[in-house]
$ cat protein14.cif   # mmCIF, C-alpha atoms
data_run
#
loop_
_atom_site.group_PDB
_atom_site.id
_atom_site.type_symbol
_atom_site.label_atom_id
_atom_site.label_comp_id
_atom_site.auth_asym_id
_atom_site.auth_seq_id
_atom_site.Cartn_x
_atom_site.Cartn_y
_atom_site.Cartn_z
ATOM 1 C CA MET A 6 -40.883 -1.710 43.448
ATOM 2 C CA SER A 7 -42.712 1.593 43.417
ATOM 3 C CA LEU A 8 -39.951 3.170 45.527
ATOM 4 C CA ILE A 9 -37.277 1.923 43.117
ATOM 5 C CA PHE A 10 -39.208 3.331 40.161
ATOM 6 C CA LYS A 11 -39.520 6.716 41.880
ATOM 7 C CA ARG A 12 -35.798 6.775 42.552
ATOM 8 C CA HIS A 13 -35.030 5.993 38.916
ATOM 9 C CA ALA A 14 -37.503 8.605 37.713
ATOM 10 C CA SER A 15 -35.986 11.143 40.057
ATOM 11 C CA PHE A 16 -32.520 10.242 38.846
ATOM 12 C CA PHE A 17 -33.359 10.648 35.166
ATOM 13 C CA GLY A 18 -35.352 13.785 35.861
ATOM 14 C CA ASN A 19 -32.402 15.362 37.660
ATOM 15 C CA LEU A 20 -30.078 14.180 34.899
ATOM 16 C CA GLY A 21 -32.187 15.878 32.263
ATOM 17 C CA GLU A 22 -32.347 19.031 34.339
ATOM 18 C CA SER A 23 -28.567 18.970 34.854
ATOM 19 C CA VAL A 24 -27.880 18.525 31.138
ATOM 20 C CA SER A 25 -30.137 21.471 30.296
ATOM 21 C CA LYS A 26 -28.242 23.667 32.772
ATOM 22 C CA ILE A 27 -24.838 22.975 31.241
ATOM 23 C CA VAL A 28 -26.030 23.967 27.769
ATOM 24 C CA PRO A 29 -25.241 27.710 27.564
ATOM 25 C CA LYS A 30 -27.682 30.236 26.204
ATOM 26 C CA PRO A 31 -26.469 32.045 23.058
ATOM 27 C CA HIS A 32 -25.090 35.517 23.700
ATOM 28 C CA ARG A 33 -27.361 38.372 22.648
ATOM 29 C CA PHE A 34 -25.870 41.758 21.808
ATOM 30 C CA PHE A 35 -27.590 44.556 23.711
ATOM 31 C CA LYS A 36 -27.356 48.257 24.428
ATOM 32 C CA VAL A 37 -26.623 49.374 27.989
ATOM 33 C CA THR A 38 -29.516 51.566 29.079
ATOM 34 C CA LYS A 39 -29.400 51.308 32.868
ATOM 35 C CA PRO A 40 -26.687 51.495 35.546
ATOM 36 C CA VAL A 41 -24.500 48.469 36.230
ATOM 37 C CA GLY A 42 -22.615 47.446 39.356
ATOM 38 C CA PHE A 43 -23.274 46.785 43.034
ATOM 39 C CA GLU A 44 -26.047 48.224 45.194
ATOM 40 C CA LYS A 45 -23.817 48.788 48.231
ATOM 41 C CA PRO A 46 -20.710 51.020 48.240
ATOM 42 C CA PRO A 47 -17.310 49.328 48.566
ATOM 43 C CA VAL A 48 -15.615 48.930 51.945
ATOM 44 C CA HIS A 49 -11.924 48.902 52.800
ATOM 45 C CA LEU A 50 -10.644 45.396 53.375
ATOM 46 C CA ARG A 51 -9.320 46.391 56.794
ATOM 47 C CA ASP A 52 -12.850 47.363 57.831
ATOM 48 C CA LEU A 53 -14.421 44.033 56.906
ATOM 49 C CA PRO A 54 -15.249 41.736 59.836
ATOM 50 C CA ARG A 55 -12.738 38.934 60.105
ATOM 51 C CA LYS A 56 -14.114 35.440 60.243
ATOM 52 C CA LYS A 57 -12.630 33.201 62.905
ATOM 53 C CA TRP A 58 -11.240 29.969 61.530
ATOM 54 C CA LEU A 59 -10.848 28.109 64.834
ATOM 55 C CA THR A 60 -14.523 27.585 65.575
ATOM 56 C CA LYS A 61 -16.440 24.519 66.703
ATOM 57 C CA GLU A 62 -18.102 24.341 63.312
ATOM 58 C CA ASN A 63 -14.806 24.383 61.392
ATOM 59 C CA LEU A 64 -13.170 21.892 63.740
ATOM 60 C CA ASN A 65 -16.085 19.483 63.384
ATOM 61 C CA VAL A 66 -14.541 17.704 60.376
ATOM 62 C CA PRO A 67 -17.016 14.785 60.202
ATOM 63 C CA LYS A 68 -19.952 17.220 60.015
ATOM 64 C CA ARG A 69 -18.227 19.270 57.320
ATOM 65 C CA ILE A 70 -17.647 16.124 55.266
ATOM 66 C CA TRP A 71 -21.259 15.058 55.785
ATOM 67 C CA ASP A 72 -22.565 18.486 54.738
ATOM 68 C CA PHE A 73 -20.292 18.532 51.699
ATOM 69 C CA TYR A 74 -21.686 15.273 50.328
ATOM 70 C CA PHE A 75 -25.158 14.946 51.810
ATOM 71 C CA ASP A 76 -26.515 18.323 52.947
ATOM 72 C CA GLY A 77 -29.067 19.378 50.328
ATOM 73 C CA ILE A 78 -28.389 23.133 50.335
ATOM 74 C CA THR A 79 -24.595 22.772 50.383
ATOM 75 C CA ARG A 80 -24.644 20.171 47.614
ATOM 76 C CA ARG A 81 -27.093 22.157 45.483
ATOM 77 C CA THR A 82 -24.962 25.292 45.743
ATOM 78 C CA ARG A 83 -21.855 23.350 44.738
ATOM 79 C CA VAL A 84 -23.608 21.618 41.842
ATOM 80 C CA ASP A 85 -25.071 24.914 40.558
ATOM 81 C CA LYS A 86 -21.598 26.452 40.499
ATOM 82 C CA ILE A 87 -20.130 23.459 38.648
ATOM 83 C CA GLN A 88 -22.966 23.539 36.113
ATOM 84 C CA LYS A 89 -22.459 27.245 35.458
ATOM 85 C CA ASP A 90 -18.708 26.805 35.110
ATOM 86 C CA LEU A 91 -19.298 24.007 32.594
ATOM 87 C CA ALA A 92 -21.833 26.050 30.650
ATOM 88 C CA TYR A 93 -19.979 29.367 30.587
ATOM 89 C CA GLY A 94 -16.343 28.310 30.777
ATOM 90 C CA GLY A 95 -13.383 28.974 28.489
ATOM 91 C CA MET A 96 -14.829 27.296 25.389
ATOM 92 C CA TYR A 97 -18.023 29.322 25.626
ATOM 93 C CA ASP A 98 -16.029 32.549 26.106
ATOM 94 C CA PHE A 99 -13.888 31.753 23.072
ATOM 95 C CA HIS A 100 -16.945 30.945 20.942
ATOM 96 C CA VAL A 101 -18.632 34.224 21.905
ATOM 97 C CA TYR A 102 -15.394 36.131 21.329
ATOM 98 C CA MET A 103 -14.989 34.698 17.826
ATOM 99 C CA LYS A 104 -18.605 35.544 17.046
ATOM 100 C CA THR A 105 -18.670 39.067 18.504
ATOM 101 C CA LYS A 106 -14.965 40.023 18.405
ATOM 102 C CA GLY A 107 -15.380 40.902 22.069
ATOM 103 C CA ARG A 108 -18.026 43.558 21.484
ATOM 104 C CA LEU A 109 -20.629 42.150 23.862
ATOM 105 C CA PHE A 110 -22.773 45.260 24.207
ATOM 106 C CA GLU A 111 -23.150 48.831 22.997
ATOM 107 C CA ALA A 112 -22.042 51.572 25.379
ATOM 108 C CA PRO A 113 -24.667 53.983 26.746
ATOM 109 C CA VAL A 114 -25.227 57.255 24.903
ATOM 110 C CA SER A 115 -24.394 59.326 27.979
ATOM 111 C CA TYR A 116 -23.158 58.815 31.512
ATOM 112 C CA PHE A 117 -25.547 57.726 34.252
ATOM 113 C CA LYS A 118 -26.876 60.200 36.797
ATOM 114 C CA LYS A 119 -24.991 60.034 40.067
ATOM 115 C CA ASP A 120 -27.994 59.261 42.263
ATOM 116 C CA LYS A 121 -28.954 56.363 39.975
ATOM 117 C CA SER A 122 -25.471 54.898 39.469
ATOM 118 C CA LEU A 123 -24.262 51.700 41.123
ATOM 119 C CA PHE A 124 -20.863 50.932 42.659
ATOM 120 C CA PHE A 125 -17.623 49.255 41.595
ATOM 121 C CA PRO A 126 -16.340 46.809 44.243
ATOM 122 C CA ASN A 127 -13.124 47.031 46.229
ATOM 123 C CA PHE A 128 -10.411 44.358 46.330
ATOM 124 C CA GLY A 129 -6.678 43.955 46.732
ATOM 125 C CA ALA A 130 -4.228 44.213 43.835
ATOM 126 C CA ARG A 131 -0.501 44.583 43.151
ATOM 127 C CA THR A 132 1.088 47.520 41.323
ATOM 128 C CA LEU A 133 4.036 47.676 38.940
ATOM 129 C CA ARG A 134 5.967 49.105 41.894
ATOM 130 C CA GLU A 135 5.411 45.694 43.510
ATOM 131 C CA GLN A 136 3.212 47.178 46.229
ATOM 132 C CA ASN A 137 -0.022 45.671 47.527
ATOM 133 C CA VAL A 138 -2.886 48.157 47.386
ATOM 134 C CA GLU A 139 -6.664 48.327 47.581
ATOM 135 C CA LEU A 140 -8.526 49.451 44.478
ATOM 136 C CA MET A 141 -10.449 52.014 46.541
ATOM 137 C CA ASP A 142 -7.239 53.789 47.510
ATOM 138 C CA VAL A 143 -6.138 53.982 43.880
ATOM 139 C CA LEU A 144 -9.513 55.316 42.720
ATOM 140 C CA GLN A 145 -9.408 58.010 45.397
ATOM 141 C CA GLN A 146 -6.342 59.579 43.803
ATOM 142 C CA ALA A 147 -8.548 61.432 41.283
ATOM 143 C CA LYS A 148 -12.053 62.818 40.970
ATOM 144 C CA VAL A 149 -12.772 60.597 37.965
ATOM 145 C CA THR A 150 -11.072 57.362 36.883
ATOM 146 C CA VAL A 151 -10.973 55.788 33.449
ATOM 147 C CA LEU A 152 -10.574 52.118 34.383
ATOM 148 C CA LYS A 153 -9.281 49.816 31.661
ATOM 149 C CA VAL A 154 -9.835 46.120 32.465
ATOM 150 C CA TYR A 155 -8.757 42.964 30.624
ATOM 151 C CA SER A 156 -7.554 39.402 31.219
ATOM 152 C CA ALA A 157 -6.067 38.531 27.820
ATOM 153 C CA ASP A 158 -3.990 40.373 25.221
ATOM 154 C CA SER A 159 -7.019 40.311 22.923
ATOM 155 C CA GLY A 160 -8.966 42.374 25.446
ATOM 156 C CA LYS A 161 -6.132 44.861 25.836
ATOM 157 C CA GLU A 162 -5.868 45.353 22.088
ATOM 158 C CA MET A 163 -9.575 45.636 21.342
ATOM 159 C CA VAL A 164 -10.146 48.592 23.691
ATOM 160 C CA ALA A 165 -7.010 50.399 22.452
ATOM 161 C CA ASP A 166 -9.117 52.605 20.146
ATOM 162 C CA TYR A 167 -10.745 54.185 23.206
ATOM 163 C CA PHE A 168 -7.380 55.678 24.182
ATOM 164 C CA LYS A 169 -6.225 57.079 20.837
ATOM 165 C CA ILE A 170 -5.571 60.820 20.905
ATOM 166 C CA PRO A 171 -7.863 62.528 18.340
ATOM 167 C CA GLY A 172 -5.960 63.718 15.276
ATOM 168 C CA SER A 173 -2.781 61.911 16.337
ATOM 169 C CA ASP A 174 -1.057 58.547 15.989
ATOM 170 C CA ASP A 175 -0.299 58.652 19.715
ATOM 171 C CA ASN A 176 -2.462 57.332 22.565
ATOM 172 C CA TYR A 177 -3.192 58.542 26.085
ATOM 173 C CA LEU A 178 -1.298 55.621 27.683
ATOM 174 C CA SER A 179 2.080 56.365 26.085
ATOM 175 C CA LYS A 180 4.842 58.329 27.822
ATOM 176 C CA THR A 181 3.944 61.446 25.834
ATOM 177 C CA GLY A 182 0.219 60.737 25.710
ATOM 178 C CA ILE A 183 -0.269 60.599 29.486
ATOM 179 C CA ASP A 184 0.939 64.213 29.700
ATOM 180 C CA GLU A 185 -1.621 65.193 27.057
ATOM 181 C CA PHE A 186 -4.293 63.391 29.063
ATOM 182 C CA GLN A 187 -3.435 65.278 32.255
ATOM 183 C CA LYS A 188 -3.584 68.603 30.405
ATOM 184 C CA ALA A 189 -6.961 67.789 28.849
ATOM 185 C CA PHE A 190 -8.458 66.163 31.976
ATOM 186 C CA PRO A 191 -6.663 67.570 35.042
ATOM 187 C CA GLN A 192 -9.089 66.039 37.553
ATOM 188 C CA SER A 193 -8.975 62.537 36.101
ATOM 189 C CA GLN A 194 -6.663 59.525 35.865
ATOM 190 C CA ILE A 195 -6.311 56.330 33.843
ATOM 191 C CA VAL A 196 -5.982 53.068 35.772
ATOM 192 C CA GLU A 197 -5.157 49.778 34.047
ATOM 193 C CA LEU A 198 -6.327 46.529 35.681
ATOM 194 C CA LEU A 199 -5.024 43.165 34.505
ATOM 195 C CA LEU A 200 -7.149 40.327 35.904
ATOM 196 C CA SER A 201 -5.178 37.089 35.620
ATOM 197 C CA GLU A 202 -7.415 34.189 34.632
ATOM 198 C CA LYS A 203 -5.369 31.432 36.319
ATOM 199 C CA TRP A 204 -2.767 31.031 39.056
ATOM 200 C CA SER A 205 -0.086 30.243 36.472
ATOM 201 C CA ASN A 206 -0.893 33.445 34.557
ATOM 202 C CA HIS A 207 -1.016 35.414 37.795
ATOM 203 C CA PHE A 208 2.473 34.231 38.767
ATOM 204 C CA VAL A 209 3.815 35.423 35.413
ATOM 205 C CA HIS A 210 1.924 38.732 35.595
ATOM 206 C CA THR A 211 3.138 39.339 39.148
ATOM 207 C CA TYR A 212 6.773 38.214 39.047
ATOM 208 C CA VAL A 213 7.877 37.948 35.406
ATOM 209 C CA THR A 214 6.303 40.634 33.219
ATOM 210 C CA PRO A 215 6.462 43.669 35.598
ATOM 211 C CA ARG A 216 10.126 44.338 34.736
ATOM 212 C CA LYS A 217 9.287 44.547 31.041
ATOM 213 C CA LEU A 218 6.137 46.576 31.668
ATOM 214 C CA ARG A 219 7.977 49.102 33.837
ATOM 215 C CA ALA A 220 10.094 49.914 30.785
ATOM 216 C CA GLU A 221 7.027 50.341 28.572
ATOM 217 C CA VAL A 222 4.545 52.024 30.924
ATOM 218 C CA PRO A 223 5.141 55.685 31.904
ATOM 219 C CA GLU A 224 6.681 55.905 35.368
ATOM 220 C CA SER A 225 3.790 58.069 36.581
ATOM 221 C CA GLN A 226 1.481 55.138 35.785
ATOM 222 C CA HIS A 227 3.407 52.443 37.661
ATOM 223 C CA ASP A 228 1.191 52.790 40.729
ATOM 224 C CA LYS A 229 -1.887 52.887 38.481
ATOM 225 C CA PHE A 230 -1.163 49.601 36.698
ATOM 226 C CA LEU A 231 -2.739 46.865 38.814
ATOM 227 C CA VAL A 232 -2.681 43.069 38.709
ATOM 228 C CA ALA A 233 -5.078 40.738 40.543
ATOM 229 C CA LEU A 234 -6.173 37.106 40.328
ATOM 230 C CA ARG A 235 -9.609 37.348 38.703
ATOM 231 C CA ASP A 236 -11.561 34.610 40.469
ATOM 232 C CA ALA A 237 -10.034 35.490 43.837
ATOM 233 C CA VAL A 238 -11.307 39.080 43.718
ATOM 234 C CA LEU A 239 -14.403 38.821 41.488
ATOM 235 C CA SER A 240 -16.656 35.774 41.378
ATOM 236 C CA ARG A 241 -18.579 34.927 38.216
ATOM 237 C CA GLU A 242 -21.708 36.472 39.761
ATOM 238 C CA ASP A 243 -19.772 39.654 40.580
ATOM 239 C CA ARG A 244 -18.439 39.908 37.039
ATOM 240 C CA GLU A 245 -21.938 39.490 35.638
ATOM 241 C CA LYS A 246 -23.065 42.524 37.663
ATOM 242 C CA LEU A 247 -20.266 44.501 35.990
ATOM 243 C CA LEU A 248 -21.072 43.071 32.504
ATOM 244 C CA MET A 249 -17.533 41.628 32.603
ATOM 245 C CA THR A 250 -18.668 38.293 31.223
ATOM 246 C CA ASN A 251 -16.027 37.293 28.673
ATOM 247 C CA THR A 252 -12.389 36.406 29.364
ATOM 248 C CA TYR A 253 -11.169 37.533 25.950
ATOM 249 C CA ALA A 254 -12.911 40.918 25.909
ATOM 250 C CA GLY A 255 -11.701 44.264 27.238
ATOM 251 C CA TYR A 256 -13.744 46.741 29.270
ATOM 252 C CA VAL A 257 -13.660 50.453 30.071
ATOM 253 C CA TYR A 258 -15.413 52.060 33.042
ATOM 254 C CA LEU A 259 -15.798 55.657 34.163
ATOM 255 C CA ILE A 260 -15.831 55.728 37.970
ATOM 256 C CA ASP A 261 -16.324 58.876 40.026
ATOM 257 C CA ASP A 262 -14.824 59.702 43.433
ATOM 258 C CA SER A 263 -17.747 58.042 45.230
ATOM 259 C CA PHE A 264 -16.855 54.757 43.446
ATOM 260 C CA ARG A 265 -19.972 54.869 41.255
ATOM 261 C CA ILE A 266 -19.867 53.505 37.703
ATOM 262 C CA ARG A 267 -21.014 56.350 35.478
ATOM 263 C CA TRP A 268 -20.296 54.802 32.052
ATOM 264 C CA VAL A 269 -19.163 51.452 30.619
ATOM 265 C CA GLY A 270 -17.824 50.266 27.274
ATOM 266 C CA CYS A 271 -16.632 46.956 25.867
ATOM 267 C CA GLY A 272 -14.715 45.440 22.963
ATOM 268 C CA GLN A 273 -13.790 47.033 19.666
ATOM 269 C CA PRO A 274 -15.712 50.336 19.853
ATOM 270 C CA GLU A 275 -17.521 52.251 17.174
ATOM 271 C CA GLU A 276 -16.456 55.858 16.694
ATOM 272 C CA LYS A 277 -19.574 57.137 18.444
ATOM 273 C CA GLU A 278 -18.670 55.068 21.514
ATOM 274 C CA VAL A 279 -15.136 56.483 21.623
ATOM 275 C CA GLN A 280 -16.562 59.982 21.390
ATOM 276 C CA GLY A 281 -19.138 59.041 24.032
ATOM 277 C CA LEU A 282 -16.395 58.040 26.499
ATOM 278 C CA TRP A 283 -14.511 61.333 26.278
ATOM 279 C CA ARG A 284 -17.704 63.378 26.157
ATOM 280 C CA ALA A 285 -18.820 61.623 29.333
ATOM 281 C CA LEU A 286 -15.442 62.271 30.992
ATOM 282 C CA LYS A 287 -15.681 65.968 30.181
ATOM 283 C CA GLY A 288 -19.198 66.025 31.591
ATOM 284 C CA LEU A 289 -18.069 64.341 34.814
ATOM 285 C CA GLU A 290 -15.197 66.799 35.187
ATOM 286 C CA ARG A 291 -17.667 69.675 34.802
ATOM 287 C CA GLU A 292 -19.907 67.988 37.393
ATOM 288 C CA THR A 293 -16.947 67.709 39.771
ATOM 289 C CA GLY A 294 -16.056 71.339 39.122
ATOM 290 C CA ARG A 295 -19.561 72.483 40.022
ATOM 291 C CA LYS A 296 -19.383 70.444 43.211
ATOM 292 C CA LEU A 297 -16.094 72.062 44.161
ATOM 293 C CA VAL A 298 -17.529 75.531 43.594
ATOM 294 C CA LYS A 299 -20.562 74.795 45.766
ATOM 295 C CA THR A 300 -18.441 73.606 48.696
ATOM 296 C CA ARG A 301 -16.231 76.706 48.794
#
$ encode --input "protein14.cif" --output "structure tokens"
Amino acid sequence: MSLIFKRHASFFGNLGESVSKIVPKPHRFFKVTKPVGFEKPPVHLRDLPRKKWLTKENLNVPKRIWDFYFDGITRRTRVDKIQKDLAYGGMYDFHVYMKTKGRLFEAPVSYFKKDKSLFFPNFGARTLREQNVELMDVLQQAKVTVLKVYSADSGKEMVADYFKIPGSDDNYLSKTGIDEFQKAFPQSQIVELLLSEKWSNHFVHTYVTPRKLRAEVPESQHDKFLVALRDAVLSREDREKLLMTNTYAGYVYLIDDSFRIRWVGCGQPEEKEVQGLWRALKGLERETGRKLVKTR
């Protein structure tokens, strides 16, 4: 009888704990004051160790089934992931988006020092030229990269103000604007990254919309417009490290040639944040120029 009572108590205790974990915490607006990203630098996919699939462990199907259902660590990891997905899924993202209009945080006043900055990860993506590339190889094409990231049209639109040309109705991503950008920032580039939320969206983004986009996007940007399946390249934990926590928001990163994140912005920006982005880019170009002078 005592054993049965303990089991019931344990059951209800775990149930209460589970319910509390699927209730999301309300989003709190904050100002970015410290570097974001990964501690370790990115590595080319070809240099990653390949895991063998035909191993005794993988072929031991009964043990894998047992571990899946009964192994404590395996089950706990799986349950934690499910609970987090339930708590911070699409409905939560939409609620936060409606409340904040996608402005999840305030951008830093200035760019982070290089020795303190953290890294942006590497992963595979597909360009508008229908070529498979690694993000690292694209970032290496310039000393500084302005990386525009979004998953939904709302995110694309809300960060549009970052790319408006001062004193003009044009923007730096238009066919005429990209030339203005190259004149103003000769050591930099703009890269656009569309992270498809689902497989169905990814199919459309990969095989349906590229033809239309190639007509809209400047030809010089076709190899700088990237598409990837979000959850396949960035887990929820990875996105949290990048402050990329809302599906409906848009994000802007400044990444230097060592793949370090030097500045980050999000959502509909205030004027001071727009000015902060371009001021930071000018500062990073000056930093790169000093480095070039020293190495001559």
$ closest_atom_pairs --input "protein14.cif" --of "stretch 93-175 of chain A" --to "stretch 267-272 of chain A" --cutoff "6 Å" --atoms "only C-alpha atoms" --output "JSON lines"
{"residue": "A:Gly107", "atom": "CA", "partner": "A:Gly272", "partner_atom": "CA", "distance": 4.7}
{"residue": "A:Arg108", "atom": "CA", "partner": "A:Gly272", "partner_atom": "CA", "distance": 4.1}
{"residue": "A:Ala112", "atom": "CA", "partner": "A:Gly270", "partner_atom": "CA", "distance": 4.8}
{"residue": "A:Tyr116", "atom": "CA", "partner": "A:Trp268", "partner_atom": "CA", "distance": 5.0}
{"residue": "A:Phe117", "atom": "CA", "partner": "A:Arg267", "partner_atom": "CA", "distance": 4.9}
{"residue": "A:Met163", "atom": "CA", "partner": "A:Gly272", "partner_atom": "CA", "distance": 5.4}
{"residue": "A:Val164", "atom": "CA", "partner": "A:Gly272", "partner_atom": "CA", "distance": 5.6}
$ atom_distance --input "protein14.cif" --atom1 "atom CA of A:Leu200" --atom2 "atom CA of A:Glu245"
14.8 Å
$ closest_residue --input "protein14.cif" --among "A:Thr150, A:Thr105, A:Ser156, A:Gln192" --to "A:Tyr256" --atoms "all atoms listed in the file"
A:Ser156
$ resolve_selection --input "protein14.cif" --expression "the PyMOL selection byres ((chain A and resi 201) around 10)" --output "PyMOL selection string"
chain A and resi 155-157+198-200+202-211+232-237+252
$ atom_distance --input "protein14.cif" --atom1 "atom CA of A:Asp262" --atom2 "atom CA of A:Asn127"
13.1 Å
$ closest_residue --input "protein14.cif" --among "A:Val143, A:Val154, A:Val238, A:Ile266" --to "A:Asp120" --atoms "only C-alpha atoms"
A:Ile266
$ residues_near_point --input "protein14.cif" --point "(-8.7, 56.9, 37.5)" --cutoff "12 Å" --atoms "only C-alpha atoms" --output "PDB file with C-alpha atoms, in the frame of the given file"
ATOM      1  CA  LEU A 140      -8.526  49.451  44.478  1.00  0.00           C
ATOM      2  CA  MET A 141     -10.449  52.014  46.541  1.00  0.00           C
ATOM      3  CA  ASP A 142      -7.239  53.789  47.510  1.00  0.00           C
ATOM      4  CA  VAL A 143      -6.138  53.982  43.880  1.00  0.00           C
ATOM      5  CA  LEU A 144      -9.513  55.316  42.720  1.00  0.00           C
ATOM      6  CA  GLN A 145      -9.408  58.010  45.397  1.00  0.00           C
ATOM      7  CA  GLN A 146      -6.342  59.579  43.803  1.00  0.00           C
ATOM      8  CA  ALA A 147      -8.548  61.432  41.283  1.00  0.00           C
ATOM      9  CA  LYS A 148     -12.053  62.818  40.970  1.00  0.00           C
ATOM     10  CA  VAL A 149     -12.772  60.597  37.965  1.00  0.00           C
ATOM     11  CA  THR A 150     -11.072  57.362  36.883  1.00  0.00           C
ATOM     12  CA  VAL A 151     -10.973  55.788  33.449  1.00  0.00           C
ATOM     13  CA  LEU A 152     -10.574  52.118  34.383  1.00  0.00           C
ATOM     14  CA  LYS A 153      -9.281  49.816  31.661  1.00  0.00           C
ATOM     15  CA  VAL A 154      -9.835  46.120  32.465  1.00  0.00           C
ATOM     16  CA  PHE A 186      -4.293  63.391  29.063  1.00  0.00           C
ATOM     17  CA  GLN A 187      -3.435  65.278  32.255  1.00  0.00           C
ATOM     18  CA  PHE A 190      -8.458  66.163  31.976  1.00  0.00           C
ATOM     19  CA  PRO A 191      -6.663  67.570  35.042  1.00  0.00           C
ATOM     20  CA  GLN A 192      -9.089  66.039  37.553  1.00  0.00           C
ATOM     21  CA  SER A 193      -8.975  62.537  36.101  1.00  0.00           C
ATOM     22  CA  GLN A 194      -6.663  59.525  35.865  1.00  0.00           C
ATOM     23  CA  ILE A 195      -6.311  56.330  33.843  1.00  0.00           C
ATOM     24  CA  VAL A 196      -5.982  53.068  35.772  1.00  0.00           C
ATOM     25  CA  GLU A 197      -5.157  49.778  34.047  1.00  0.00           C
ATOM     26  CA  LEU A 198      -6.327  46.529  35.681  1.00  0.00           C
ATOM     27  CA  GLN A 226       1.481  55.138  35.785  1.00  0.00           C
ATOM     28  CA  ASP A 228       1.191  52.790  40.729  1.00  0.00           C
ATOM     29  CA  LYS A 229      -1.887  52.887  38.481  1.00  0.00           C
ATOM     30  CA  PHE A 230      -1.163  49.601  36.698  1.00  0.00           C
ATOM     31  CA  LEU A 231      -2.739  46.865  38.814  1.00  0.00           C
ATOM     32  CA  VAL A 257     -13.660  50.453  30.071  1.00  0.00           C
ATOM     33  CA  TYR A 258     -15.413  52.060  33.042  1.00  0.00           C
ATOM     34  CA  LEU A 259     -15.798  55.657  34.163  1.00  0.00           C
ATOM     35  CA  ILE A 260     -15.831  55.728  37.970  1.00  0.00           C
ATOM     36  CA  ASP A 261     -16.324  58.876  40.026  1.00  0.00           C
ATOM     37  CA  ASP A 262     -14.824  59.702  43.433  1.00  0.00           C
ATOM     38  CA  SER A 263     -17.747  58.042  45.230  1.00  0.00           C
ATOM     39  CA  PHE A 264     -16.855  54.757  43.446  1.00  0.00           C
ATOM     40  CA  ILE A 266     -19.867  53.505  37.703  1.00  0.00           C
ATOM     41  CA  LEU A 286     -15.442  62.271  30.992  1.00  0.00           C
TER      42      LEU A 286
END
$ atom_distance --input "protein14.cif" --atom1 "atom CA of A:Pro40" --atom2 "atom CA of A:Lys121"
7.0 Å
$ residues_around --input "protein14.cif" --residues "stretch 169-185 of chain A" --least-positions-apart "4" --cutoff "8 Å" --atoms "all atoms listed in the file" --output "list in words"
Ala165, Ala189, Ile195, Val222 and Pro223 of chain A
$ closest_residue --input "protein14.cif" --among "A:Trp283, A:Phe110, A:Phe124, A:Tyr253" --to "A:Lys45" --atoms "all atoms listed in the file"
A:Phe124
$ closest_residue --input "protein14.cif" --among "A:Ala254, A:Ala285, A:Val138, A:Leu50" --to "A:Gln273" --atoms "all atoms listed in the file"
A:Ala254
$ closest_residue --input "protein14.cif" --among "A:Arg134, A:His49, A:Lys277, A:Lys161" --to "A:Arg219" --atoms "all atoms listed in the file"
A:Arg134
$ closest_residue --input "protein14.cif" --among "A:Ser122, A:Ser159, A:Thr250, A:Thr132" --to "A:Tyr212" --atoms "all atoms listed in the file"
A:Thr132
$ resolve_selection --input "protein14.cif" --expression "the PyMOL selection byres ((chain A and resi 37) around 7)" --output "VMD selection string"
chain A and resid 35 to 36 38 to 39 110 to 113
$ write_last_selection --input "protein14.cif" --atoms "C-alpha atoms" --output "mmCIF file, in the frame of the given file"
data_model
loop_
_atom_site.group_PDB
_atom_site.id
_atom_site.type_symbol
_atom_site.label_atom_id
_atom_site.label_comp_id
_atom_site.auth_asym_id
_atom_site.auth_seq_id
_atom_site.Cartn_x
_atom_site.Cartn_y
_atom_site.Cartn_z
ATOM 1 C CA PHE A 35 -27.590 44.556 23.711
ATOM 2 C CA LYS A 36 -27.356 48.257 24.428
ATOM 3 C CA THR A 38 -29.516 51.566 29.079
ATOM 4 C CA LYS A 39 -29.400 51.308 32.868
ATOM 5 C CA PHE A 110 -22.773 45.260 24.207
ATOM 6 C CA GLU A 111 -23.150 48.831 22.997
ATOM 7 C CA ALA A 112 -22.042 51.572 25.379
ATOM 8 C CA PRO A 113 -24.667 53.983 26.746
#
